[in-house]
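Q: Just so it is clear, I am handing over input_19.txt, which has compact mmCIF, C-alpha atoms.
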```txt
# COMPACT_ATOMS: atom_id res chain seq x y z
CA MET A 16 4.32 -3.42 -18.52
CA LYS A 17 3.44 -7.08 -18.74
CA LEU A 18 6.96 -7.86 -19.92
CA CYS A 19 8.43 -6.28 -16.79
CA PHE A 20 6.39 -8.76 -14.76
CA LYS A 21 7.24 -11.69 -17.04
CA TYR A 22 10.98 -11.03 -16.77
CA LYS A 23 10.83 -9.94 -13.11
CA LEU A 24 12.71 -6.73 -13.80
CA TRP A 25 12.48 -5.68 -10.15
CA ASN A 26 15.16 -8.30 -9.44
CA LYS A 27 17.64 -6.03 -11.25
CA LEU A 28 17.13 -3.30 -8.64
CA ASN A 29 19.53 -2.85 -5.76
CA LYS A 30 18.28 -2.57 -2.17
CA ASP A 31 17.88 1.24 -2.22
CA GLU A 32 16.03 1.19 -5.52
CA MET A 33 13.72 -1.55 -4.26
CA ASN A 34 12.97 0.46 -1.10
CA PHE A 35 12.20 3.47 -3.29
CA LEU A 36 9.77 1.36 -5.35
CA LYS A 37 8.07 0.12 -2.18
CA ALA A 38 7.80 3.68 -0.85
CA ILE A 39 6.05 4.70 -4.07
CA TYR A 40 3.57 1.89 -3.53
CA TYR A 41 2.78 2.97 0.02
CA LEU A 42 2.71 6.74 -0.53
CA ARG A 43 0.93 6.70 -3.92
CA SER A 44 0.24 10.41 -4.49
CA TRP A 45 2.84 12.64 -6.12
CA ASN A 46 2.70 15.24 -3.34
CA ARG A 47 3.48 12.70 -0.62
CA ILE A 48 6.21 11.02 -2.68
CA TYR A 49 7.82 14.36 -3.48
CA HIS A 50 7.71 15.78 0.04
CA GLU A 51 8.62 12.61 1.91
CA ILE A 52 11.19 11.04 -0.42
CA ILE A 53 12.30 12.96 -3.49
CA LYS A 54 12.88 16.28 -1.76
CA LEU A 55 15.52 14.66 0.48
CA ASP A 56 17.91 14.09 -2.43
CA LEU A 57 16.49 15.63 -5.61
CA ASP A 58 19.12 14.53 -8.13
CA ASN A 59 19.43 10.93 -7.04
CA ASN A 60 15.74 10.34 -6.39
CA PHE A 61 14.62 11.82 -9.70
CA LYS A 62 17.12 9.52 -11.42
CA LEU A 63 15.59 6.57 -9.57
CA LEU A 64 12.10 7.67 -10.55
CA PHE A 65 13.07 7.89 -14.22
CA LYS A 66 14.85 4.54 -14.04
CA LEU A 67 11.74 2.83 -12.66
CA ASP A 68 9.67 4.50 -15.37
CA LYS A 69 12.09 3.37 -18.08
CA MET A 70 11.93 -0.20 -16.76
CA HIS A 71 8.11 0.07 -16.92
CA LEU A 72 7.76 -0.76 -13.25
CA ILE A 73 5.77 2.44 -12.69
CA TYR A 74 3.68 4.81 -14.80
CA TYR A 75 2.07 8.19 -14.30
CA ASP A 76 -1.64 8.94 -14.24
CA LYS A 77 -3.17 12.42 -14.08
CA ASP A 78 -6.67 12.99 -12.76
CA ASP A 79 -8.39 15.30 -15.27
CA THR A 80 -10.71 16.89 -12.72
CA THR A 81 -8.25 17.61 -9.90
CA GLY A 82 -5.01 17.67 -11.87
CA GLU A 83 -3.41 15.38 -9.27
CA ILE A 84 -0.63 13.16 -10.58
CA ARG A 85 -0.51 9.63 -9.26
CA ILE A 86 2.30 7.17 -9.75
CA LYS A 87 0.97 3.70 -10.36
CA MET A 88 2.29 0.20 -10.91
CA MET A 89 0.86 -3.07 -12.17
CA LYS A 90 -1.57 -4.88 -9.89
CA ASN A 91 0.62 -8.00 -9.88
CA LEU A 92 3.61 -6.00 -8.66
CA GLN A 93 1.46 -4.30 -6.03
CA ASP A 94 0.34 -7.72 -4.80
CA LEU A 95 3.95 -8.89 -4.46
CA ILE A 96 4.86 -5.81 -2.43
CA GLN A 97 1.77 -6.14 -0.25
CA GLN A 98 2.52 -9.81 0.45
CA LYS A 99 6.16 -8.87 1.19
CA ARG A 100 7.42 -11.31 -1.43
CA ILE A 101 9.83 -8.75 -2.91
```
As structure tokens - that is how I would like this structure written.
A:
Amino acid sequence: MKLCFKYKLWNKLNKDEMNFLKAIYYLRSWNRIYHEIIKLDLDNNFKLLFKLDKMHLIYYDKDDTTGEIRIKMMKNLQDLIQQKRI
């Protein structure tokens, strides 16, 4: 994941992919991401999700007690999104 930040892999994303990444940051929980974004266009949005995962811009975390899946990203990337620098 540190290499994705070093090489600024998010610069390789087009506008739609970047908006998808930002939406993941703001929505955070799998349920909200699925119902508000992915469900609109299942095939395309799942491909985007897997692409971001392959690029190591996001990763999945499962809470053992609740079973809730959260999609996370590096703190540095979160900071860039929050400061609206990307």
Q: Of the candidates A:Lys62, A:Asp78, A:Gln98, A:Ile52, which one gets nearest to Asn34 (chain A) if we count all atoms listed in the file?
A: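 For Asn34 (chain A), the nearest of the candidates is A:Ile52.
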Q: Can you tell me how far CA of Leu18 (chain A) sits from CA of Asp68 (chain A), in Å to one decimal?
A: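 Between CA of Leu18 (chain A) and CA of Asp68 (chain A) the gap is 13.4 Å.
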Q: Take CA of Ile96 (chain A) and CA of Thr81 (chain A) and report the distance between them in Å, one decimal.
A: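 Straight-line distance from CA of Ile96 (chain A) to CA of Thr81 (chain A) works out to 27.9 Å.
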Q: Using only C-alpha atoms, can you tell me which of A:Asn29, A:Ile73, A:Phe61, A:Ile48 comes closest to Lys90 (chain A)?
A: A:Ile73
Q: For Lys27 (chain A), which of A:Ile39, A:Ile84, A:Leu72, A:Leu95 is the closest residue, counting all atoms listed in the file?
A: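 Smallest distance to Lys27 (chain A) is found for A:Leu72.
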Q: Can you pull out the residues contacting Leu28 (chain A)? Cut-off 12 Å, using only C-alpha atoms, and skip same-chain residues under 4 positions away; I want them as a VMD selection string.
A: chain A and resid 23 to 24 32 to 37 63 66 to 67 70 72 101
Q: Identify, on the basis of all atoms listed in the file, every residue whose closest approach to Lys87 (chain A) does not exceed 10 Å; exclude the query and any residue fewer than 4 positions from it along the same chain; express the result as a VMD selection string.
A: chain A and resid 39 to 40 43 to 44 72 to 76 93
Q: Store the residues of this selection in a file with C-alpha atoms, as a PDB file, in the coordinates of the input.
A:
```pdb
ATOM      1  CA  ILE A  39       6.050   4.700  -4.070  1.00  0.00           C
ATOM      2  CA  TYR A  40       3.570   1.890  -3.530  1.00  0.00           C
ATOM      3  CA  ARG A  43       0.930   6.700  -3.920  1.00  0.00           C
ATOM      4  CA  SER A  44       0.240  10.410  -4.490  1.00  0.00           C
ATOM      5  CA  LEU A  72       7.760  -0.760 -13.250  1.00  0.00           C
ATOM      6  CA  ILE A  73       5.770   2.440 -12.690  1.00  0.00           C
ATOM      7  CA  TYR A  74       3.680   4.810 -14.800  1.00  0.00           C
ATOM      8  CA  TYR A  75       2.070   8.190 -14.300  1.00  0.00           C
ATOM      9  CA  ASP A  76      -1.640   8.940 -14.240  1.00  0.00           C
ATOM     10  CA  GLN A  93       1.460  -4.300  -6.030  1.00  0.00           C
TER      11      GLN A  93
END
```
Q: Find the axis-aligned box for region 81-99 of chain A, covering all its listed atoms and adding 4 Å on each side, and write its centre and edge lengths in Å to one decimal as JSON.
A:
```
{"center_x": -1.0, "center_y": 3.9, "center_z": -5.5, "size_x": 22.4, "size_y": 35.5, "size_z": 21.4}
```
Q: Measuring atom to atom with all atoms listed in the file, identify which of A:Cys19, A:Asn60, A:Lys99, A:Glu51 is nearest to Asp31 (chain A).
A: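 Smallest distance to Asp31 (chain A) is found for A:Asn60.
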Q: For a quick check of understanding, using all atoms listed in the file, which of A:Lys54, A:His71, A:Lys77, A:Arg47 has the smallest distance to Tyr22 (chain A)?
A: A:His71
Q: Using the block above, I'd like region 17-98 of chain A written out, keeping C-alpha atoms and formatting it as a tab-separated table (two decimals), in the first residue's frame.
A:
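Full text of selection_18.tsv as output:
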```tsv
chain	number	residue	atom	x	y	z
A	17	LYS	CA	2.89	2.34	0.64
A	18	LEU	CA	4.03	1.92	-2.95
A	19	CYS	CA	0.66	3.12	-4.24
A	20	PHE	CA	1.24	6.34	-2.30
A	21	LYS	CA	4.87	6.62	-3.40
A	22	TYR	CA	3.96	6.29	-7.08
A	23	LYS	CA	0.69	8.24	-6.77
A	24	LEU	CA	-1.31	5.51	-8.46
A	25	TRP	CA	-4.54	7.49	-8.07
A	26	ASN	CA	-3.27	9.72	-10.89
A	27	LYS	CA	-3.86	6.79	-13.26
A	28	LEU	CA	-7.61	6.87	-12.52
A	29	ASN	CA	-10.04	8.63	-14.81
A	30	LYS	CA	-12.60	11.10	-13.46
A	31	ASP	CA	-15.33	8.49	-12.82
A	32	GLU	CA	-12.93	6.14	-11.06
A	33	MET	CA	-11.64	8.98	-8.89
A	34	ASN	CA	-15.20	9.96	-7.94
A	35	PHE	CA	-15.87	6.33	-7.03
A	36	LEU	CA	-12.78	6.31	-4.79
A	37	LYS	CA	-13.91	9.52	-3.09
A	38	ALA	CA	-17.40	8.09	-2.56
A	39	ILE	CA	-15.86	5.07	-0.85
A	40	TYR	CA	-14.00	7.43	1.47
A	41	TYR	CA	-17.15	9.33	2.42
A	42	LEU	CA	-19.53	6.37	2.71
A	43	ARG	CA	-17.09	3.95	4.39
A	44	SER	CA	-19.37	1.03	5.31
A	45	TRP	CA	-20.07	-1.74	2.81
A	46	ASN	CA	-23.85	-1.45	3.19
A	47	ARG	CA	-23.89	2.24	2.32
A	48	ILE	CA	-21.43	1.80	-0.57
A	49	TYR	CA	-23.44	-1.08	-1.98
A	50	HIS	CA	-26.86	0.53	-1.69
A	51	GLU	CA	-25.86	4.04	-2.75
A	52	ILE	CA	-23.30	3.33	-5.47
A	53	ILE	CA	-22.70	-0.25	-6.54
A	54	LYS	CA	-26.33	-1.25	-6.87
A	55	LEU	CA	-26.84	1.43	-9.54
A	56	ASP	CA	-24.59	-0.38	-12.04
A	57	LEU	CA	-23.48	-3.72	-10.60
A	58	ASP	CA	-21.13	-4.89	-13.36
A	59	ASN	CA	-19.25	-1.66	-13.87
A	60	ASN	CA	-19.03	-0.69	-10.21
A	61	PHE	CA	-17.79	-4.11	-9.09
A	62	LYS	CA	-15.10	-3.87	-11.76
A	63	LEU	CA	-14.11	-0.47	-10.38
A	64	LEU	CA	-14.02	-1.85	-6.86
A	65	PHE	CA	-11.76	-4.72	-7.90
A	66	LYS	CA	-9.53	-2.35	-9.89
A	67	LEU	CA	-9.02	-0.11	-6.85
A	68	ASP	CA	-8.27	-3.18	-4.75
A	69	LYS	CA	-5.76	-4.47	-7.31
A	70	MET	CA	-4.04	-1.07	-7.34
A	71	HIS	CA	-3.88	-1.28	-3.52
A	72	LEU	CA	-5.74	1.99	-3.13
A	73	ILE	CA	-8.34	0.28	-0.92
A	74	TYR	CA	-8.51	-2.83	1.26
A	75	TYR	CA	-11.22	-4.71	3.09
A	76	ASP	CA	-11.57	-5.09	6.84
A	77	LYS	CA	-14.13	-7.29	8.59
A	78	ASP	CA	-15.21	-6.63	12.16
A	79	ASP	CA	-15.10	-9.99	13.95
A	80	THR	CA	-17.84	-9.14	16.43
A	81	THR	CA	-20.44	-7.62	14.09
A	82	GLY	CA	-19.35	-9.18	10.81
A	83	GLU	CA	-19.54	-5.76	9.14
A	84	ILE	CA	-17.21	-5.28	6.19
A	85	ARG	CA	-15.52	-1.92	5.88
A	86	ILE	CA	-13.57	-0.69	2.91
A	87	LYS	CA	-10.52	1.25	4.00
A	88	MET	CA	-7.68	3.18	2.45
A	89	MET	CA	-4.34	4.52	3.63
A	90	LYS	CA	-4.40	7.47	6.01
A	91	ASN	CA	-2.27	9.55	3.62
A	92	LEU	CA	-4.75	9.01	0.80
A	93	GLN	CA	-7.64	9.85	3.12
A	94	ASP	CA	-5.90	13.09	4.05
A	95	LEU	CA	-5.50	14.05	0.38
A	96	ILE	CA	-9.19	13.43	-0.28
A	97	GLN	CA	-10.23	15.33	2.84
A	98	GLN	CA	-8.06	18.31	1.87
```
